[in-house]
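**Q** The structure's right below; bear with me while I get my questions together.
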Amino acid sequence: MNNRISSNMMYDQSVSLMLSKQSKLAHLEQQLATGKKIVTAKDDPVASGTAVGMDRVLAELDQLGKNANTVHNRLGLQENVLAQAGELLNRVSDLTVQANNPALSADDRKAVASELKSIKESLLALANTTDGSGRYLFGGAADASAPFALSNGVVTYNGDQTQRQVEVAPGTFAQDALPGSEIFMRIRTGDGIVDGRAAATNTGQAVLTDVSRDGSGNWDGSSYTLRFTAADTYEVVDASNNVVGTGTYASGEDVVFEGLRLRIDGTPAAGDEFTAGNAGARDVFGTIDQLVQTLQMDISTPEGRVAQQNALQASIRDVRQASNKMIDTRAAGGAQLLSIDNAAALREANTVTLKSSLSQMRDLNYAEAIGQYQLEGAALQAAQTIFSQMQSMSLFNMIR
């Protein structure tokens, strides 16, 4: 193959060299203007692909941060609502104790009942709190409409039982606010495990002030009835009416049987009964309604007064459990808030690491780029000088 040397070939080579240098200069100018080492993917395909993957991870971390902010806001609102609900229940407890005062007049009891009704309305409003974006805080996944409704004086729950889990960091999830049914509706009575009640037919002056397990672990979960055979003696029967124990009674002392403990004050009559067994469940609104009904009981007779005292003692236990439920839920929410803060630290650490790696891949070394720019500029000037000189030369001058 013969290579021919001609003036056009030399001109083409010079032009190509100048265009190459101009292209390099233009690329360096883009790098200097943007501060980026990789202007287009062809500059470094491998690094560019890796950087795109890191950008995707950073975007995911940003979305996880937004998730965390949303859950943090809802849990913070839950904390505020439960704190207010706890204060209202403390007031209910105070009113219950106040209503148990024998010196209270009928008008006084009516005033207490009126305040209890107002507290119920306030609790209902708190239970239907929104999160600021139009979603109801305690509706579970069905949070588009108010979860609690009042119909004929009875509060019902219309939400669902879902407690969302939201990813707030890679592999880390935080639980959203509890469904309202778990906070306001399904509250165990008594001490949360065991509950007791006085029979409505009692005629003595005995009041059940406390019921619990005795700590021995012998209770088998069955229900038992304490039946007084005289003012100072009793027998204990099981659900099949079989006698399982007997004993003597003294006012104010604990009566212990089958792993259960009852404290009764006052003087019972023969035939009076007190039952103890598994605690049931009642909503906090129903507890307040029951309190109001208790205040409306006929206490014109000693038996009526004692029946009211027994009902008030039961309400005190139930209100205590409702308050404990609020406290437990606040504690659980606090644990979730802590996990969100820990997740924020993890996201921040991952973000710093990723951005540092991206900076090494993408960010321009200005000192190196400026030096290269000056070098390429000098090379372009040299190429332009050579081309200018070549314009006055011809191969014909060499063969003359």
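By convention here, the chains of the structure tokens are called A, B, ... in the order presented, each chain's residues are numbered starting at 1, and ligands are numbered starting at 1 in the order presented.
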Would you mind listing what lies within 8 Å of Ala239 of chain A as a list in words, with only C-alpha atoms counted and same-chain residues fewer than 2 positions away left out?

**A** Ser222, Ser223, Tyr224, Thr225, Val237, Asn241 and Asn242 of chain A

**Q** Could you find all residues in segment 153-277 of chain A that DSSP calls helix (DSSP H, G or I) from the backbone, and write them as a list in words?

**A**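 Matching residues, listed in order: Gly180, Ser181, Glu182, Ile183, Phe184 and Met185 of chain A.
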
**Q** Using only C-alpha atoms, which of the listed residues (A:Ile316, A:Val168, A:Leu226, A:Val292) sits closest to His72 of chain A?

**A**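 Among A:Ile316, A:Val168, A:Leu226, A:Val292, it is A:Val168 that comes nearest to His72 of chain A.
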
**Q** Quick one: residues within 7 Å of segment 247-260 of chain A, only C-alpha atoms counted, chain neighbours fewer than 6 positions away excluded, as JSON, numbers by chain?

**A** {"A": [212, 213, 214, 216, 217, 218, 219, 232, 233, 234, 235, 266, 267]}

**Q** Residues of the last selection are to be written out with all heavy atoms, as a JSON list (two decimals), in the first residue's frame.

**A**
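Wrote it out as out_4.json, contents follow:
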```
[["chain", "number", "residue", "atom", "x", "y", "z"],
["A", 212, "SER", "N", -57.80, -9.12, 93.12],
["A", 212, "SER", "CA", -56.55, -9.37, 92.40],
["A", 212, "SER", "C", -56.15, -10.83, 92.59],
["A", 212, "SER", "O", -56.82, -11.59, 93.30],
["A", 212, "SER", "CB", -55.43, -8.45, 92.91],
["A", 212, "SER", "OG", -55.15, -8.73, 94.28],
["A", 213, "ARG", "N", -55.06, -11.24, 91.98],
["A", 213, "ARG", "CA", -54.48, -12.55, 92.25],
["A", 213, "ARG", "C", -53.62, -12.46, 93.51],
["A", 213, "ARG", "O", -53.12, -11.39, 93.84],
["A", 213, "ARG", "CB", -53.63, -13.01, 91.08],
["A", 213, "ARG", "CG", -54.46, -13.33, 89.81],
["A", 213, "ARG", "CD", -53.58, -13.42, 88.59],
["A", 213, "ARG", "NE", -53.00, -12.11, 88.28],
["A", 213, "ARG", "CZ", -52.05, -11.91, 87.37],
["A", 213, "ARG", "NH1", -51.57, -12.96, 86.71],
["A", 213, "ARG", "NH2", -51.58, -10.71, 87.15],
["A", 214, "ASP", "N", -53.45, -13.58, 94.19],
["A", 214, "ASP", "CA", -52.72, -13.53, 95.46],
["A", 214, "ASP", "C", -51.22, -13.68, 95.31],
["A", 214, "ASP", "O", -50.48, -13.65, 96.30],
["A", 214, "ASP", "CB", -53.26, -14.58, 96.43],
["A", 214, "ASP", "CG", -52.95, -16.02, 95.97],
["A", 214, "ASP", "OD1", -52.32, -16.19, 94.90],
["A", 214, "ASP", "OD2", -53.36, -16.96, 96.66],
["A", 216, "SER", "N", -49.57, -16.32, 94.26],
["A", 216, "SER", "CA", -49.09, -17.70, 94.36],
["A", 216, "SER", "C", -49.07, -18.41, 93.01],
["A", 216, "SER", "O", -48.39, -19.42, 92.84],
["A", 216, "SER", "CB", -49.99, -18.49, 95.31],
["A", 216, "SER", "OG", -51.31, -18.61, 94.78],
["A", 217, "GLY", "N", -49.83, -17.88, 92.06],
["A", 217, "GLY", "CA", -49.91, -18.51, 90.75],
["A", 217, "GLY", "C", -50.84, -19.71, 90.72],
["A", 217, "GLY", "O", -50.82, -20.49, 89.76],
["A", 218, "ASN", "N", -51.67, -19.87, 91.76],
["A", 218, "ASN", "CA", -52.55, -21.03, 91.84],
["A", 218, "ASN", "C", -53.89, -20.83, 91.13],
["A", 218, "ASN", "O", -54.66, -21.78, 91.00],
["A", 218, "ASN", "CB", -52.82, -21.39, 93.30],
["A", 218, "ASN", "CG", -51.56, -21.87, 94.00],
["A", 218, "ASN", "OD1", -50.67, -22.45, 93.38],
["A", 218, "ASN", "ND2", -51.48, -21.62, 95.31],
["A", 219, "TRP", "N", -54.18, -19.61, 90.74],
["A", 219, "TRP", "CA", -55.48, -19.38, 90.08],
["A", 219, "TRP", "C", -55.49, -20.06, 88.72],
["A", 219, "TRP", "O", -54.56, -19.91, 87.92],
["A", 219, "TRP", "CB", -55.73, -17.89, 89.94],
["A", 219, "TRP", "CG", -57.03, -17.55, 89.27],
["A", 219, "TRP", "CD1", -58.26, -18.02, 89.59],
["A", 219, "TRP", "CD2", -57.22, -16.69, 88.15],
["A", 219, "TRP", "NE1", -59.22, -17.50, 88.77],
["A", 219, "TRP", "CE2", -58.61, -16.67, 87.86],
["A", 219, "TRP", "CE3", -56.36, -15.94, 87.36],
["A", 219, "TRP", "CZ2", -59.14, -15.93, 86.82],
["A", 219, "TRP", "CZ3", -56.90, -15.17, 86.32],
["A", 219, "TRP", "CH2", -58.28, -15.18, 86.07],
["A", 232, "ASP", "N", -69.88, -13.41, 109.60],
["A", 232, "ASP", "CA", -68.44, -13.60, 109.79],
["A", 232, "ASP", "C", -67.92, -14.92, 109.23],
["A", 232, "ASP", "O", -66.79, -15.31, 109.50],
["A", 232, "ASP", "CB", -68.09, -13.51, 111.28],
["A", 232, "ASP", "CG", -68.86, -14.51, 112.12],
["A", 232, "ASP", "OD1", -69.74, -15.21, 111.55],
["A", 232, "ASP", "OD2", -68.56, -14.62, 113.32],
["A", 233, "THR", "N", -68.72, -15.61, 108.45],
["A", 233, "THR", "CA", -68.26, -16.86, 107.82],
["A", 233, "THR", "C", -68.68, -16.88, 106.36],
["A", 233, "THR", "O", -69.68, -16.25, 105.97],
["A", 233, "THR", "CB", -68.84, -18.09, 108.53],
["A", 233, "THR", "OG1", -70.27, -18.04, 108.48],
["A", 233, "THR", "CG2", -68.35, -18.18, 109.97],
["A", 234, "TYR", "N", -67.92, -17.63, 105.59],
["A", 234, "TYR", "CA", -68.22, -17.68, 104.15],
["A", 234, "TYR", "C", -67.82, -19.05, 103.60],
["A", 234, "TYR", "O", -67.08, -19.82, 104.23],
["A", 234, "TYR", "CB", -67.47, -16.59, 103.39],
["A", 234, "TYR", "CG", -65.96, -16.73, 103.45],
["A", 234, "TYR", "CD1", -65.27, -17.55, 102.55],
["A", 234, "TYR", "CD2", -65.22, -16.05, 104.40],
["A", 234, "TYR", "CE1", -63.89, -17.69, 102.61],
["A", 234, "TYR", "CE2", -63.84, -16.18, 104.47],
["A", 234, "TYR", "CZ", -63.19, -17.01, 103.57],
["A", 234, "TYR", "OH", -61.83, -17.14, 103.63],
["A", 235, "GLU", "N", -68.32, -19.30, 102.41],
["A", 235, "GLU", "CA", -67.89, -20.46, 101.63],
["A", 235, "GLU", "C", -67.59, -20.00, 100.21],
["A", 235, "GLU", "O", -68.12, -18.98, 99.75],
["A", 235, "GLU", "CB", -68.97, -21.55, 101.63],
["A", 235, "GLU", "CG", -70.26, -21.13, 100.96],
["A", 235, "GLU", "CD", -71.33, -22.23, 101.01],
["A", 235, "GLU", "OE1", -71.11, -23.23, 101.71],
["A", 235, "GLU", "OE2", -72.37, -22.05, 100.34],
["A", 266, "GLY", "N", -66.94, -3.68, 105.60],
["A", 266, "GLY", "CA", -68.32, -3.60, 106.04],
["A", 266, "GLY", "C", -68.84, -4.94, 106.52],
["A", 266, "GLY", "O", -68.13, -5.95, 106.57],
["A", 267, "THR", "N", -70.10, -4.94, 106.83],
["A", 267, "THR", "CA", -70.74, -6.13, 107.41],
["A", 267, "THR", "C", -71.68, -6.76, 106.40],
["A", 267, "THR", "O", -72.69, -6.14, 106.00],
["A", 267, "THR", "CB", -71.54, -5.76, 108.67],
["A", 267, "THR", "OG1", -70.67, -5.10, 109.60],
["A", 267, "THR", "CG2", -72.14, -7.00, 109.32]]
```

**Q** Write out as number ranges by chain the residues lying within 8 Å of segment 111-119 of chain A, counting only C-alpha atoms and excluding same-chain residues fewer than 3 positions away.

**A** A: 88, 92, 95, 99, 107-108, 122-123, 288-289, 291-292, 295
